[in-house]
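Asks: Got entry37.cif for you, mmCIF, C-alpha atoms:
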data_structure
#
loop_
_atom_site.group_PDB
_atom_site.id
_atom_site.type_symbol
_atom_site.label_atom_id
_atom_site.label_comp_id
_atom_site.auth_asym_id
_atom_site.auth_seq_id
_atom_site.Cartn_x
_atom_site.Cartn_y
_atom_site.Cartn_z
ATOM 1 C CA MET J 1 -15.034 0.589 -24.446
ATOM 2 C CA PHE J 2 -13.125 -0.628 -21.387
ATOM 3 C CA ASP J 3 -10.583 1.924 -20.144
ATOM 4 C CA LYS J 4 -7.941 -0.159 -18.397
ATOM 5 C CA ALA J 5 -6.108 2.882 -16.971
ATOM 6 C CA ALA J 6 -9.295 4.310 -15.450
ATOM 7 C CA ALA J 7 -10.171 0.880 -14.071
ATOM 8 C CA LEU J 8 -6.726 0.601 -12.510
ATOM 9 C CA ASP J 9 -7.151 4.037 -10.928
ATOM 10 C CA ALA J 10 -10.484 2.926 -9.451
ATOM 11 C CA ALA J 11 -8.890 -0.249 -8.077
ATOM 12 C CA LEU J 12 -5.996 1.749 -6.648
ATOM 13 C CA ARG J 13 -8.405 4.037 -4.841
ATOM 14 C CA LEU J 14 -10.259 1.092 -3.290
ATOM 15 C CA PHE J 15 -7.069 -0.662 -2.200
ATOM 16 C CA TRP J 16 -5.667 2.629 -0.876
ATOM 17 C CA GLN J 17 -8.821 3.270 1.126
ATOM 18 C CA HIS J 18 -9.596 -0.250 2.366
ATOM 19 C CA GLY J 19 -6.347 -2.190 2.066
ATOM 20 C CA TYR J 20 -5.800 -5.461 0.257
ATOM 21 C CA GLU J 21 -7.885 -7.686 2.497
ATOM 22 C CA GLY J 22 -10.561 -5.059 3.077
ATOM 23 C CA THR J 23 -11.289 -4.801 -0.643
ATOM 24 C CA SER J 24 -13.523 -7.531 -2.000
ATOM 25 C CA ILE J 25 -13.642 -8.809 -5.560
ATOM 26 C CA ALA J 26 -17.304 -7.740 -5.689
ATOM 27 C CA ALA J 27 -16.395 -4.182 -4.643
ATOM 28 C CA LEU J 28 -13.623 -4.087 -7.233
ATOM 29 C CA ALA J 29 -15.943 -5.303 -9.993
ATOM 30 C CA GLU J 30 -18.517 -2.679 -9.013
ATOM 31 C CA ALA J 31 -15.952 0.147 -8.901
ATOM 32 C CA LEU J 32 -14.462 -0.934 -12.220
ATOM 33 C CA LYS J 33 -17.961 -1.262 -13.702
ATOM 34 C CA VAL J 34 -17.288 -4.806 -14.929
ATOM 35 C CA THR J 35 -18.470 -8.270 -14.053
ATOM 36 C CA VAL J 36 -16.297 -10.447 -11.834
ATOM 37 C CA PRO J 37 -15.369 -12.730 -14.777
ATOM 38 C CA SER J 38 -14.412 -9.648 -16.833
ATOM 39 C CA LEU J 39 -12.266 -8.383 -13.969
ATOM 40 C CA TYR J 40 -10.414 -11.696 -13.861
ATOM 41 C CA LEU J 41 -10.033 -11.679 -17.637
ATOM 42 C CA ALA J 42 -8.618 -8.129 -17.664
ATOM 43 C CA PHE J 43 -6.375 -8.304 -14.595
ATOM 44 C CA GLY J 44 -6.000 -11.913 -13.492
ATOM 45 C CA ASN J 45 -6.711 -12.424 -9.823
ATOM 46 C CA LYS J 46 -7.083 -9.931 -6.974
ATOM 47 C CA GLU J 47 -3.398 -10.228 -6.087
ATOM 48 C CA SER J 48 -2.241 -9.353 -9.603
ATOM 49 C CA LEU J 49 -4.668 -6.401 -9.690
ATOM 50 C CA PHE J 50 -3.329 -5.201 -6.350
ATOM 51 C CA MET J 51 0.253 -5.403 -7.600
ATOM 52 C CA LEU J 52 -0.708 -3.403 -10.717
ATOM 53 C CA ALA J 53 -2.364 -0.851 -8.436
ATOM 54 C CA VAL J 54 0.835 -0.664 -6.386
ATOM 55 C CA GLU J 55 2.791 0.063 -9.570
ATOM 56 C CA ARG J 56 0.300 2.818 -10.349
ATOM 57 C CA TYR J 57 0.704 4.142 -6.808
ATOM 58 C CA GLY J 58 4.425 4.358 -7.483
ATOM 59 C CA GLN J 59 3.632 7.142 -9.929
ATOM 60 C CA TYR J 60 2.350 9.147 -6.960
ATOM 61 C CA ASN J 61 5.028 8.467 -4.390
ATOM 62 C CA GLY J 62 7.914 7.840 -6.783
ATOM 63 C CA LYS J 63 8.028 11.508 -7.682
ATOM 64 C CA LEU J 64 8.393 12.349 -4.007
ATOM 65 C CA TYR J 65 11.655 10.382 -3.791
ATOM 66 C CA GLU J 66 12.969 11.597 -7.152
ATOM 67 C CA GLU J 67 12.541 15.168 -5.938
ATOM 68 C CA ALA J 68 14.065 14.383 -2.547
ATOM 69 C CA PHE J 69 17.164 12.687 -3.979
ATOM 70 C CA GLN J 70 17.945 15.811 -6.003
ATOM 71 C CA GLN J 71 18.292 17.952 -2.876
ATOM 72 C CA LYS J 72 21.794 19.228 -2.082
ATOM 73 C CA THR J 73 22.163 17.966 1.486
ATOM 74 C CA ALA J 74 21.090 14.899 3.408
ATOM 75 C CA ARG J 75 19.113 17.158 5.746
ATOM 76 C CA GLU J 76 17.227 18.580 2.771
ATOM 77 C CA VAL J 77 16.624 15.041 1.454
ATOM 78 C CA ALA J 78 15.172 13.967 4.802
ATOM 79 C CA ARG J 79 12.977 17.065 5.089
ATOM 80 C CA CYS J 80 11.766 16.702 1.499
ATOM 81 C CA ILE J 81 10.784 13.062 2.095
ATOM 82 C CA LEU J 82 8.913 13.851 5.305
ATOM 83 C CA GLU J 83 7.168 16.950 3.956
ATOM 84 C CA GLY J 84 6.335 15.042 0.780
ATOM 85 C CA GLU J 85 4.878 12.226 2.843
ATOM 86 C CA VAL J 86 2.564 14.697 4.572
ATOM 87 C CA ARG J 87 1.382 15.958 1.176
ATOM 88 C CA LEU J 88 0.960 12.414 -0.147
ATOM 89 C CA VAL J 89 -0.970 10.990 2.804
ATOM 90 C CA LEU J 90 -3.283 13.994 2.968
ATOM 91 C CA GLY J 91 -3.532 14.430 -0.783
ATOM 92 C CA ASN J 92 -6.423 16.181 -2.415
ATOM 93 C CA GLY J 93 -8.897 13.627 -3.644
ATOM 94 C CA THR J 94 -6.985 10.615 -2.385
ATOM 95 C CA PRO J 95 -7.614 8.489 0.696
ATOM 96 C CA ASP J 96 -5.687 9.471 3.815
ATOM 97 C CA GLY J 97 -2.698 7.304 4.587
ATOM 98 C CA CYS J 98 -0.260 5.375 2.455
ATOM 99 C CA LEU J 99 -1.034 2.306 0.373
ATOM 100 C CA MET J 100 2.488 0.975 0.976
ATOM 101 C CA VAL J 101 2.073 1.218 4.750
ATOM 102 C CA HIS J 102 -1.465 0.131 5.474
ATOM 103 C CA GLY J 103 -2.495 -1.531 2.209
ATOM 104 C CA ALA J 104 -1.109 -4.936 3.130
ATOM 105 C CA LEU J 105 0.646 -4.574 6.468
ATOM 106 C CA ALA J 106 -1.587 -7.061 8.241
ATOM 107 C CA THR J 107 -2.846 -9.936 6.148
ATOM 108 C CA GLY J 108 -4.143 -13.422 6.667
ATOM 109 C CA PRO J 109 -2.174 -16.549 5.803
ATOM 110 C CA GLY J 110 -3.593 -16.656 2.271
ATOM 111 C CA SER J 111 -2.206 -13.203 1.516
ATOM 112 C CA GLU J 112 1.337 -13.667 2.779
ATOM 113 C CA THR J 113 2.828 -13.089 -0.677
ATOM 114 C CA VAL J 114 1.168 -9.668 -0.882
ATOM 115 C CA ARG J 115 2.340 -8.696 2.616
ATOM 116 C CA ALA J 116 5.869 -9.872 1.797
ATOM 117 C CA ALA J 117 5.879 -7.970 -1.504
ATOM 118 C CA MET J 118 4.895 -4.739 0.246
ATOM 119 C CA ALA J 119 7.535 -5.279 2.935
ATOM 120 C CA GLU J 120 10.142 -5.785 0.204
ATOM 121 C CA LEU J 121 9.097 -2.591 -1.571
ATOM 122 C CA ARG J 122 9.430 -0.678 1.702
ATOM 123 C CA ARG J 123 12.911 -2.222 2.212
ATOM 124 C CA VAL J 124 13.922 -1.191 -1.316
ATOM 125 C CA ALA J 125 12.767 2.382 -0.699
ATOM 126 C CA GLU J 126 14.736 2.501 2.562
ATOM 127 C CA ALA J 127 17.824 1.119 0.815
ATOM 128 C CA GLU J 128 17.564 3.849 -1.827
ATOM 129 C CA VAL J 129 17.389 6.488 0.907
ATOM 130 C CA ALA J 130 20.410 4.889 2.606
ATOM 131 C CA ASP J 131 22.318 4.984 -0.695
ATOM 132 C CA ARG J 132 21.565 8.702 -1.036
ATOM 133 C CA PHE J 133 22.772 9.265 2.531
ATOM 134 C CA ARG J 134 25.951 7.251 1.798
ATOM 135 C CA ARG J 135 26.628 9.617 -1.073
ATOM 136 C CA ALA J 136 26.066 12.534 1.300
ATOM 137 C CA LYS J 137 28.574 11.031 3.726
ATOM 138 C CA GLU J 138 31.140 10.572 0.934
ATOM 139 C CA GLU J 139 30.631 14.225 0.009
ATOM 140 C CA GLY J 140 31.315 15.254 3.611
ATOM 141 C CA ASP J 141 27.727 16.293 4.219
ATOM 142 C CA LEU J 142 27.194 13.988 7.222
ATOM 143 C CA PRO J 143 29.346 14.094 10.338
ATOM 144 C CA ASP J 144 31.642 11.178 11.170
ATOM 145 C CA GLY J 145 29.923 8.537 13.229
ATOM 146 C CA GLN J 146 26.583 8.939 11.420
ATOM 147 C CA ASP J 147 25.380 5.713 9.858
ATOM 148 C CA PRO J 148 23.517 6.292 6.558
ATOM 149 C CA ALA J 149 21.481 3.084 6.966
ATOM 150 C CA SER J 150 20.335 4.075 10.457
ATOM 151 C CA LEU J 151 19.433 7.573 9.272
ATOM 152 C CA ALA J 152 17.444 6.069 6.402
ATOM 153 C CA ALA J 153 15.626 3.771 8.841
ATOM 154 C CA TYR J 154 14.845 6.797 11.000
ATOM 155 C CA VAL J 155 13.420 8.820 8.089
ATOM 156 C CA MET J 156 11.372 5.903 6.782
ATOM 157 C CA THR J 157 10.059 5.100 10.271
ATOM 158 C CA VAL J 158 8.906 8.690 10.753
ATOM 159 C CA ALA J 159 7.413 8.695 7.229
ATOM 160 C CA SER J 160 5.480 5.498 7.995
ATOM 161 C CA GLY J 161 4.313 6.984 11.277
ATOM 162 C CA ILE J 162 3.067 10.060 9.435
ATOM 163 C CA ALA J 163 1.034 7.770 7.168
ATOM 164 C CA VAL J 164 -0.454 5.903 10.121
ATOM 165 C CA GLN J 165 -1.313 9.119 11.936
ATOM 166 C CA ALA J 166 -2.911 10.601 8.809
ATOM 167 C CA ARG J 167 -5.044 7.490 8.487
ATOM 168 C CA SER J 168 -5.973 7.923 12.154
ATOM 169 C CA GLY J 169 -7.206 11.462 11.492
ATOM 170 C CA LEU J 170 -4.277 13.690 12.424
ATOM 171 C CA GLY J 171 -4.416 16.890 10.380
ATOM 172 C CA ARG J 172 -1.875 18.699 8.242
ATOM 173 C CA ALA J 173 -0.762 21.171 10.938
ATOM 174 C CA GLU J 174 -0.087 18.376 13.431
ATOM 175 C CA LEU J 175 1.793 16.297 10.872
ATOM 176 C CA GLU J 176 3.870 19.284 9.785
ATOM 177 C CA ARG J 177 4.783 19.776 13.444
ATOM 178 C CA VAL J 178 5.877 16.114 13.584
ATOM 179 C CA VAL J 179 8.217 16.823 10.659
ATOM 180 C CA GLU J 180 9.678 19.814 12.512
ATOM 181 C CA ILE J 181 10.250 17.761 15.651
ATOM 182 C CA ALA J 182 11.786 14.914 13.644
ATOM 183 C CA MET J 183 14.201 17.322 11.993
ATOM 184 C CA THR J 184 15.442 18.564 15.385
ATOM 185 C CA ALA J 185 16.939 15.096 15.851
ATOM 186 C CA TRP J 186 18.834 15.298 12.561
ATOM 187 C CA PRO J 187 22.643 15.462 12.868
ATOM 188 C CA PRO J 188 24.038 18.988 12.695
ATOM 189 C CA GLU J 189 25.416 20.046 9.334
ATOM 190 C CA GLN J 190 29.179 19.975 8.805
#
I'd like the structure from this file rewritten - as structure tokens, please.
Replies:
Amino acid sequence: MFDKAAALDAALRLFWQHGYEGTSIAALAEALKVTVPSLYLAFGNKESLFMLAVERYGQYNGKLYEEAFQQKTAREVARCILEGEVRLVLGNGTPDGCLMVHGALATGPGSETVRAAMAELRRVAEAEVADRFRRAKEEGDLPDGQDPASLAAYVMTVASGIAVQARSGLGRAELERVVEIAMTAWPPEQ
């Protein structure tokens, strides 16, 4: 019997490891243990399978942000996101790096919709972080003159850099040091 959830996990792993364009239909069919026509029947085309895999990936990284947004201060939110990113991109049994960062960052003209969808998801995540920082500012947790949107862009830029560096082979200790350095630039608490 075909286990759609297990097949989606296998597809996610391939896309996470090789990116959208680096993952062929033949490799997907082999990993899912189905024929190419069966893959199309079960999931539609490669793009729709990738988008389903991205949703599945959200179960991994979505928890990171849920946990972060529950922290008491903006500083704690930022630290939780960055430390969580280190855990995510160097996860046990998962490919190094971040599907949202390298999965479809660079694509050919035929894959523009996938690249644009990933860019939009990254923008949404940044906007959610900015909203949490706006709340922190309203609560008096951020000093005057600090822009929540700019702070969110900073955190998400460092988080993306952590993902790229993990994919490039940087280890946990080095990435944890990056988090410490990034936090030294955080505005002082009120």
Asks: Check which residues satisfy the PyMOL selection byres ((chain J and resi 103-112) around 7) in the file shown, then give them as a list in words.
Replies: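 Against this file, the PyMOL selection byres ((chain J and resi 103-112) around 7) returns the residues Phe15, Trp16, Gly19, Tyr20, Glu21, Leu99, Met100, Val101, His102, Thr113, Val114, Arg115, Ala116 and Met118 of chain J.
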Asks: Could you take the residues named above and write them with C-alpha atoms, as a PDB file, in the frame of the given file?
Replies:
ATOM      1  CA  PHE J  15      -7.069  -0.662  -2.200  1.00  0.00           C
ATOM      2  CA  TRP J  16      -5.667   2.629  -0.876  1.00  0.00           C
ATOM      3  CA  GLY J  19      -6.347  -2.190   2.066  1.00  0.00           C
ATOM      4  CA  TYR J  20      -5.800  -5.461   0.257  1.00  0.00           C
ATOM      5  CA  GLU J  21      -7.885  -7.686   2.497  1.00  0.00           C
ATOM      6  CA  LEU J  99      -1.034   2.306   0.373  1.00  0.00           C
ATOM      7  CA  MET J 100       2.488   0.975   0.976  1.00  0.00           C
ATOM      8  CA  VAL J 101       2.073   1.218   4.750  1.00  0.00           C
ATOM      9  CA  HIS J 102      -1.465   0.131   5.474  1.00  0.00           C
ATOM     10  CA  THR J 113       2.828 -13.089  -0.677  1.00  0.00           C
ATOM     11  CA  VAL J 114       1.168  -9.668  -0.882  1.00  0.00           C
ATOM     12  CA  ARG J 115       2.340  -8.696   2.616  1.00  0.00           C
ATOM     13  CA  ALA J 116       5.869  -9.872   1.797  1.00  0.00           C
ATOM     14  CA  MET J 118       4.895  -4.739   0.246  1.00  0.00           C
TER      15      MET J 118
END
Asks: Rank J:Glu128, J:Glu180, J:Asp96, J:Asp144 by their smallest atom-to-atom distance to J:Glu66, using all atoms listed in the file, and report the top residue only.
Replies: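 Closest to J:Glu66 of all the choices is J:Glu128.
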Asks: Of the candidates J:Glu85, J:Glu120, J:Asp131, J:Asp141, which one gets nearest to J:Val164 if we count all atoms listed in the file?
Replies: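 Comparing J:Glu85, J:Glu120, J:Asp131, J:Asp141 against J:Val164, the winner is J:Glu85.
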Asks: To one decimal place, how far is atom CA of J:Cys98 from atom CA of J:Leu14 in Å?
Replies: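 Separating atom CA of J:Cys98 from atom CA of J:Leu14 is a distance of 12.3 Å.
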Asks: Hey, which of J:Gln59, J:Thr94, J:Thr184, J:Gln146 ends up closest to J:Ala166? Count all atoms listed in the file.
Replies: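 Smallest separation from J:Ala166 among the options: J:Thr94.
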Asks: What is the distance, in Å and to one decimal place, between atom CA of J:Met183 and atom CA of J:Ser150?
Replies: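 Result for atom CA of J:Met183 versus atom CA of J:Ser150: 14.7 Å, one decimal.
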Asks: Write out as a list of chain:residue names each polymer residue whose atoms come within 12 Å of J:Ala6, counting all atoms listed in the file; drop sequence neighbours fewer than 2 positions from it.
Replies: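 Those residues are J:Met1, J:Phe2, J:Asp3, J:Lys4, J:Leu8, J:Asp9, J:Ala10, J:Ala11, J:Leu12, J:Arg13, J:Ala31, J:Leu32, J:Lys33, J:Ala53, J:Arg56.
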Asks: I'd like to know which of J:Ala7, J:Leu121, J:Leu175, J:Ala185 is closest to J:Leu151, using all atoms listed in the file.
Replies: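 Among J:Ala7, J:Leu121, J:Leu175, J:Ala185, it is J:Ala185 that comes nearest to J:Leu151.
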Asks: Identify which of the residues J:Gly91, J:Gly84, J:Ala74, J:Ser168 lies closest to J:Ala130, counting only C-alpha atoms when measuring atom-to-atom distances.
Replies: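 Once distances to J:Ala130 are computed over only C-alpha atoms, the minimum belongs to J:Ala74.
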Asks: Anything within 10 Å of (16.1, 11.3, 4.4): list those residues as JSON, numbers by chain, counting all atoms listed in the file and sticking to the file's coordinates.
Replies: {"J": [65, 68, 69, 73, 74, 75, 76, 77, 78, 79, 80, 81, 82, 126, 128, 129, 130, 132, 133, 148, 151, 152, 153, 154, 155, 156, 158, 159, 183, 186]}
Asks: Set up a box along x, y and z of the file covering all listed atoms of stretch 109-112 of chain J, add 3 Å on every one of the six sides, and write the centre and edge lengths in Å to one decimal, as AutoDock Vina command-line options.
Replies:
--center_x -1.1 --center_y -14.9 --center_z 3.7 --size_x 10.9 --size_y 9.5 --size_z 10.3
Asks: Translate the PyMOL selection byres ((chain J and resi 29) around 12) into a concrete residue list for this structure, as a list of chain:residue names.
Replies: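 The output of the PyMOL selection byres ((chain J and resi 29) around 12) on this file is J:Ala7, J:Leu8, J:Ala10, J:Ala11, J:Leu14, J:Thr23, J:Ser24, J:Ile25, J:Ala26, J:Ala27, J:Leu28, J:Glu30, J:Ala31, J:Leu32, J:Lys33, J:Val34, J:Thr35, J:Val36, J:Pro37, J:Ser38, J:Leu39, J:Tyr40, J:Leu41, J:Ala42, J:Phe43, J:Asn45, J:Lys46, J:Leu49.
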Asks: Just to confirm, what's the straight-line distance from atom CA of J:Leu90 to atom CA of J:Gly171 in Å (one decimal)?
Replies: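 Separation of atom CA of J:Leu90 and atom CA of J:Gly171: 8.0 Å.
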Asks: Which residue, J:Arg87, J:Pro187, J:His18, J:Lys72, has the smallest gap to J:Gly145 when you use only C-alpha atoms?
Replies: J:Pro187
